[in-house]
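Structure record follows, encoded as structure tokens.
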Amino acid sequence: MKIWSGSAASEGDNSAYDFMVKKDINVDAYLVRYEALHLLMYNFYLYNHGIIKKEDAKKIFIALIKAYEDGIKLNESLEDVHGNMEYYIIENAGEAGRNLRMFMSRNEQVHTDFNFLQWKLYYHSRKAFLKL
């Protein structure tokens with residue numbers, strides 16, 4: 001199911017969707033670790049403020065650390081790194097994983113992942129320039 005399904009517009013021709021998702025999923029593979037890292041920080045915040053229970057937080061943390069360390073296989077039918085990570089966490093943390101993105105917008109997810117990626121690229125570029 002597409003994340004935006006159920007809107008007023010019909011799905012219609014999928015050629016544009018297929019093109020964008022198939023290209024996008026290759027880029028999203030670079031974002032898996034950043035997605036896991038930012039969700040770890042976000043869920044630690046939720047736990048620290050009493051929004052999620054300790055038992056749920058622990059299950060989510062264990063699943064996110066595993067995703068960070070081992071990576072996850074991305075499935076095009078889940079659209080992007082966010083949908084894939086959510087599916088992975090629910091599979092590994094059970095019902096606790098449904099709280100993974102509580103109060104977080106899709107824009108916040110994308111923005112944070114790309115900020116992490118930009119910092120990594122900046123760091124490696126700076127390191128390379130300093131060697132010149």
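Just so we're on the same page: first chain in the structure tokens is A, next is B, and so on; residues restart at 1 for each chain, and ligands are numbered from 1 in the order they show up.
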
Next on the checklist: Among region 35-78 of chain A, which residues does DSSP mark as helix (DSSP H, G or I) when it is run on the backbone? Keep the chain and numbering as in the structure and answer as a VMD selection string.
Outcome noted: chain A and resid 35 to 48 54 to 70 76 to 78

Next on the checklist: Can you tell me which residues surround Arg33 (chain A) at a distance of at most 7 Å, considering only C-alpha atoms, apart from same-chain residues fewer than 4 positions away, and format the answer as a ChimeraX atom specification?
Outcome noted: /A:37,68,71

Preceding selection exported with N, CA and C atoms as an mmCIF file, in the first residue's frame:
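Saved as result-v1.cif:
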```cif
data_model
loop_
_atom_site.group_PDB
_atom_site.id
_atom_site.type_symbol
_atom_site.label_atom_id
_atom_site.label_comp_id
_atom_site.auth_asym_id
_atom_site.auth_seq_id
_atom_site.Cartn_x
_atom_site.Cartn_y
_atom_site.Cartn_z
ATOM 1 N N LEU A 37 19.761 5.930 13.127
ATOM 2 C CA LEU A 37 20.376 6.806 14.122
ATOM 3 C C LEU A 37 19.422 7.901 14.581
ATOM 4 N N TYR A 68 20.858 -0.490 12.451
ATOM 5 C CA TYR A 68 22.042 0.358 12.262
ATOM 6 C C TYR A 68 23.279 -0.491 11.984
ATOM 7 N N GLY A 71 22.129 -3.218 8.848
ATOM 8 C CA GLY A 71 21.418 -2.719 7.674
ATOM 9 C C GLY A 71 20.106 -3.458 7.493
#
```

Item to check | Pick from A:Asn43, A:Asn26, A:Asn99, A:Ser125 nearest to Val81 (chain A), counting only C-alpha atoms | outcome: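 Looking only at the distances to Val81 (chain A), the closest residue turns out to be A:Asn26.
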
Item to check | Selection: 8 Å around Ile89 (chain A), only C-alpha atoms, excl. self and same-chain fewer than 3 positions, as an MDAnalysis selection string | outcome: chainID A and resid 60 63:64 85:86 92:94 97 100

Checklist entry - So what do you get for CA of Met102 (chain A) versus CA of Gly50 (chain A), distance-wise? => result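 According to the coordinates, CA of Met102 (chain A) and CA of Gly50 (chain A) are separated by 12.8 Å.
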
Checklist entry - What separation in Å, quoted to one decimal, exists between CA of Phe114 (chain A) and CA of Asp24 (chain A)? => result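 One can read the CA of Phe114 (chain A) to CA of Asp24 (chain A) distance as 13.4 Å.
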
Next on the checklist: Just the number, please: distance in Å from CA of Phe103 (chain A) to CA of Ile51 (chain A), one decimal.
Outcome noted: 10.6 Å
